[in-house]
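Student: Below: one structure in structure tokens.
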Amino acid sequence: MVRDPHALVRSGVAGGPRPRPRQVLPLPDDVLIALLTAEDGGERVLLMVGEIVQELVFSHQMPPSFRYRMRGHEHPAVRATATGVWDRLTAEERQALLTDPHPDVRETA
């Protein structure tokens, strides 16, 4: 389901289990990266990436530690998640995101 070609299916995975258990375990890094970098019909759907990030954060399946570790990831959608832990970043790490070569990362920062 993580690699399903339809963003709505992936968004359902990102939303977590229903009904919600008391404690939700974070998804493994490779699953989170797959959700963030998936494509729909050959074209990237940037709006859906933002929605998937929101679902992952709200469902507690994307821990802050993942977001911090991904600040230098090769894929811009994954790198952009680091802006959600801005207060944990050093001045140099913040500057790197603010001047990132990808416009979506700069805009998010």
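Chain labels follow the order of the structure tokens: the first chain is A, the next B, and so on; residue numbering restarts at 1 in every chain, and ligands are counted from 1 in their shown order.
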Just the residues within 7 Å of segment 27-32 of chain A, please, counting only C-alpha atoms, with nothing from its chain fewer than 4 positions along; format it as number ranges by chain.
Tutor: A: 2, 36, 61-62
Student: Limited to C-alpha atoms, could you put the picked residues into a file as a PDB file, in the first residue's frame?
Tutor:
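Generated file (again22.pdb):
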```
ATOM      1  CA  VAL A   2       2.958   2.310   0.632  1.00  0.00           C
ATOM      2  CA  LEU A  36       7.201  11.036   0.747  1.00  0.00           C
ATOM      3  CA  GLN A  61       4.012   7.793  12.682  1.00  0.00           C
ATOM      4  CA  MET A  62       6.730  10.307  11.716  1.00  0.00           C
TER       5      MET A  62
END
```
Student: Show which residues sit within 12 Å of Arg67 of chain A, as a list in words. Count only C-alpha atoms, and ignore same-chain residues fewer than 6 positions away.
Tutor: Pro26, Asp29, Leu32, Ile33, Leu36, Val53, Leu56, Val57, Gln61, His73, Ala77, Val78, Arg79, Ala80, Thr81, Ala82, Thr83, Gly84, Val85, Trp86, Asp87, Arg88 and Leu89 of chain A
Student: Pick from A:Asp104, A:Met70, A:Pro64, A:Arg22: nearest to Val49 of chain A, with only C-alpha atoms counted?
Tutor: A:Asp104
Student: Atom CA of Arg10 of chain A and atom CA of Glu74 of chain A, how far apart in Å?
Tutor: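 For atom CA of Glu74 of chain A relative to atom CA of Arg10 of chain A, the distance reads 21.3 Å.
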Student: When you draw a straight line from atom CA of Phe58 of chain A to atom CA of Pro101 of chain A, how long is it in Å?
Tutor: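 Rounded to one decimal, the two atoms are 28.4 Å apart.
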Student: Among segment 11-105 of chain A, which residues carry a DSSP assignment of alpha helix (DSSP H), reported as an NGL selection string?
Tutor: :A and (11-14 or 29-37 or 46-58 or 64-69 or 76-79 or 91-98 or 103-105)
Student: If you keep N, CA and C atoms, can you produce a file of those selected residues as a short mmCIF file (atom, residue, chain, number, x, y, z; two decimals), in the first residue's frame?
Tutor:
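So again_14.cif came out as:
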```
data_model
loop_
_atom_site.label_atom_id
_atom_site.label_comp_id
_atom_site.auth_asym_id
_atom_site.auth_seq_id
_atom_site.Cartn_x
_atom_site.Cartn_y
_atom_site.Cartn_z
N SER A 11 -2.16 8.13 1.37
CA SER A 11 -2.60 9.05 2.42
C SER A 11 -3.31 8.28 3.53
N GLY A 12 -4.06 7.26 3.16
CA GLY A 12 -4.71 6.42 4.17
C GLY A 12 -3.70 5.69 5.05
N VAL A 13 -2.62 5.23 4.45
CA VAL A 13 -1.54 4.60 5.22
C VAL A 13 -0.93 5.63 6.16
N ALA A 14 -0.68 6.81 5.64
CA ALA A 14 -0.07 7.87 6.44
C ALA A 14 -0.95 8.28 7.62
N ASP A 29 12.01 4.12 8.63
CA ASP A 29 12.50 5.18 7.75
C ASP A 29 12.23 4.89 6.28
N ASP A 30 12.46 3.66 5.83
CA ASP A 30 12.28 3.35 4.41
C ASP A 30 10.82 3.48 3.99
N VAL A 31 9.89 3.19 4.88
CA VAL A 31 8.47 3.35 4.58
C VAL A 31 8.11 4.84 4.51
N LEU A 32 8.61 5.62 5.45
CA LEU A 32 8.36 7.07 5.42
C LEU A 32 8.92 7.69 4.15
N ILE A 33 10.12 7.31 3.78
CA ILE A 33 10.73 7.86 2.56
C ILE A 33 9.92 7.45 1.33
N ALA A 34 9.46 6.21 1.29
CA ALA A 34 8.64 5.76 0.16
C ALA A 34 7.35 6.58 0.05
N LEU A 35 6.72 6.86 1.19
CA LEU A 35 5.49 7.66 1.18
C LEU A 35 5.76 9.09 0.69
N LEU A 36 6.88 9.65 1.09
CA LEU A 36 7.20 11.04 0.75
C LEU A 36 7.69 11.21 -0.68
N THR A 37 8.21 10.17 -1.28
CA THR A 37 8.79 10.29 -2.61
C THR A 37 7.97 9.62 -3.70
N LEU A 46 2.81 17.52 -5.57
CA LEU A 46 3.39 18.21 -4.43
C LEU A 46 2.38 18.48 -3.33
N LEU A 47 1.16 18.80 -3.70
CA LEU A 47 0.15 19.06 -2.69
C LEU A 47 -0.09 17.82 -1.84
N MET A 48 -0.14 16.67 -2.47
CA MET A 48 -0.36 15.44 -1.73
C MET A 48 0.81 15.13 -0.79
N VAL A 49 2.02 15.51 -1.17
CA VAL A 49 3.16 15.29 -0.28
C VAL A 49 2.92 16.05 1.03
N GLY A 50 2.48 17.29 0.94
CA GLY A 50 2.19 18.08 2.14
C GLY A 50 1.09 17.45 2.98
N GLU A 51 0.07 16.95 2.32
CA GLU A 51 -1.02 16.29 3.04
C GLU A 51 -0.55 15.00 3.70
N ILE A 52 0.31 14.27 3.01
CA ILE A 52 0.84 13.04 3.59
C ILE A 52 1.71 13.34 4.80
N VAL A 53 2.51 14.39 4.72
CA VAL A 53 3.34 14.79 5.87
C VAL A 53 2.44 15.14 7.05
N GLN A 54 1.38 15.90 6.81
CA GLN A 54 0.45 16.25 7.89
C GLN A 54 -0.16 15.01 8.52
N GLU A 55 -0.58 14.06 7.69
CA GLU A 55 -1.16 12.82 8.21
C GLU A 55 -0.15 12.04 9.05
N LEU A 56 1.09 11.96 8.55
CA LEU A 56 2.12 11.23 9.28
C LEU A 56 2.43 11.87 10.63
N VAL A 57 2.49 13.19 10.66
CA VAL A 57 2.79 13.89 11.90
C VAL A 57 1.61 13.75 12.87
N PHE A 58 0.40 13.98 12.38
CA PHE A 58 -0.79 13.90 13.23
C PHE A 58 -0.97 12.50 13.80
N PRO A 64 9.81 13.25 15.38
CA PRO A 64 10.70 14.39 15.15
C PRO A 64 12.13 13.96 14.83
N SER A 65 12.56 12.84 15.40
CA SER A 65 13.93 12.37 15.13
C SER A 65 14.13 12.04 13.65
N PHE A 66 13.10 11.51 13.00
CA PHE A 66 13.18 11.24 11.56
C PHE A 66 13.35 12.55 10.80
N ARG A 67 12.53 13.52 11.14
CA ARG A 67 12.57 14.80 10.45
C ARG A 67 13.94 15.45 10.60
N TYR A 68 14.51 15.35 11.77
CA TYR A 68 15.84 15.92 11.99
C TYR A 68 16.90 15.18 11.17
N ARG A 69 16.85 13.86 11.18
CA ARG A 69 17.84 13.08 10.45
C ARG A 69 17.78 13.29 8.95
N PRO A 76 14.24 16.28 -2.23
CA PRO A 76 13.74 17.53 -1.63
C PRO A 76 12.50 17.36 -0.75
N ALA A 77 11.58 16.47 -1.10
CA ALA A 77 10.38 16.30 -0.28
C ALA A 77 10.73 15.73 1.09
N VAL A 78 11.74 14.90 1.13
CA VAL A 78 12.19 14.33 2.40
C VAL A 78 12.97 15.38 3.18
N ARG A 79 13.85 16.09 2.50
CA ARG A 79 14.65 17.15 3.14
C ARG A 79 13.75 18.23 3.75
N ALA A 91 22.12 26.90 13.42
CA ALA A 91 22.03 28.03 12.50
C ALA A 91 22.51 27.62 11.10
N GLU A 92 23.54 26.81 11.03
CA GLU A 92 24.06 26.35 9.74
C GLU A 92 23.06 25.45 9.02
N GLU A 93 22.40 24.57 9.77
CA GLU A 93 21.40 23.68 9.17
C GLU A 93 20.20 24.47 8.67
N ARG A 94 19.79 25.47 9.43
CA ARG A 94 18.68 26.33 8.99
C ARG A 94 19.05 27.07 7.72
N GLN A 95 20.26 27.62 7.69
CA GLN A 95 20.73 28.36 6.52
C GLN A 95 20.78 27.45 5.29
N ALA A 96 21.20 26.21 5.48
CA ALA A 96 21.25 25.26 4.37
C ALA A 96 19.86 25.03 3.78
N LEU A 97 18.84 24.95 4.64
CA LEU A 97 17.47 24.77 4.14
C LEU A 97 16.95 26.05 3.49
N LEU A 98 17.29 27.19 4.06
CA LEU A 98 16.84 28.46 3.48
C LEU A 98 17.45 28.74 2.11
N PRO A 103 13.41 24.84 -4.94
CA PRO A 103 12.51 25.91 -4.50
C PRO A 103 11.47 25.49 -3.47
N ASP A 104 10.99 24.24 -3.52
CA ASP A 104 10.00 23.78 -2.55
C ASP A 104 10.57 23.71 -1.15
N VAL A 105 11.84 23.33 -1.04
CA VAL A 105 12.49 23.28 0.28
C VAL A 105 12.67 24.69 0.81
#
```
Student: Which of these, A:Arg71, A:His6, A:Ala38, A:Arg20, has the shortest distance to Thr90 of chain A once you count only C-alpha atoms?
Tutor: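 Of the candidates, the smallest distance to Thr90 of chain A is held by A:Arg71.
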Student: Mind checking which residues fall within 12 Å of Gln23 of chain A, counting only C-alpha atoms, ignoring those fewer than 5 positions away in the same chain, and posting them as a PDB file with N, CA, C and O atoms, in the first residue's frame?
Tutor:
```
ATOM      1  N   GLY A  16      -2.580   6.435   9.524  1.00  0.00           N
ATOM      2  CA  GLY A  16      -2.442   5.509  10.645  1.00  0.00           C
ATOM      3  C   GLY A  16      -3.644   4.617  10.822  1.00  0.00           C
ATOM      4  O   GLY A  16      -4.642   4.716  10.119  1.00  0.00           O
ATOM      5  N   PRO A  17      -3.545   3.727  11.799  1.00  0.00           N
ATOM      6  CA  PRO A  17      -4.614   2.755  12.035  1.00  0.00           C
ATOM      7  C   PRO A  17      -5.879   3.421  12.567  1.00  0.00           C
ATOM      8  O   PRO A  17      -5.815   4.418  13.275  1.00  0.00           O
ATOM      9  N   SER A  59      -0.656  11.471  12.998  1.00  0.00           N
ATOM     10  CA  SER A  59      -0.839  10.091  13.462  1.00  0.00           C
ATOM     11  C   SER A  59       0.336   9.599  14.306  1.00  0.00           C
ATOM     12  O   SER A  59       0.330   8.457  14.757  1.00  0.00           O
ATOM     13  N   HIS A  60       1.334  10.455  14.496  1.00  0.00           N
ATOM     14  CA  HIS A  60       2.530  10.129  15.289  1.00  0.00           C
ATOM     15  C   HIS A  60       3.358   9.007  14.673  1.00  0.00           C
ATOM     16  O   HIS A  60       4.091   8.314  15.369  1.00  0.00           O
ATOM     17  N   GLN A  61       3.235   8.818  13.359  1.00  0.00           N
ATOM     18  CA  GLN A  61       4.012   7.793  12.682  1.00  0.00           C
ATOM     19  C   GLN A  61       5.323   8.346  12.119  1.00  0.00           C
ATOM     20  O   GLN A  61       6.154   7.582  11.659  1.00  0.00           O
TER      21      GLN A  61
END
```
Student: Can you measure atom CA of Arg18 of chain A to atom CA of Glu39 of chain A for me? One decimal in Å is fine.
Tutor: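 For atom CA of Arg18 of chain A relative to atom CA of Glu39 of chain A, the distance reads 25.0 Å.
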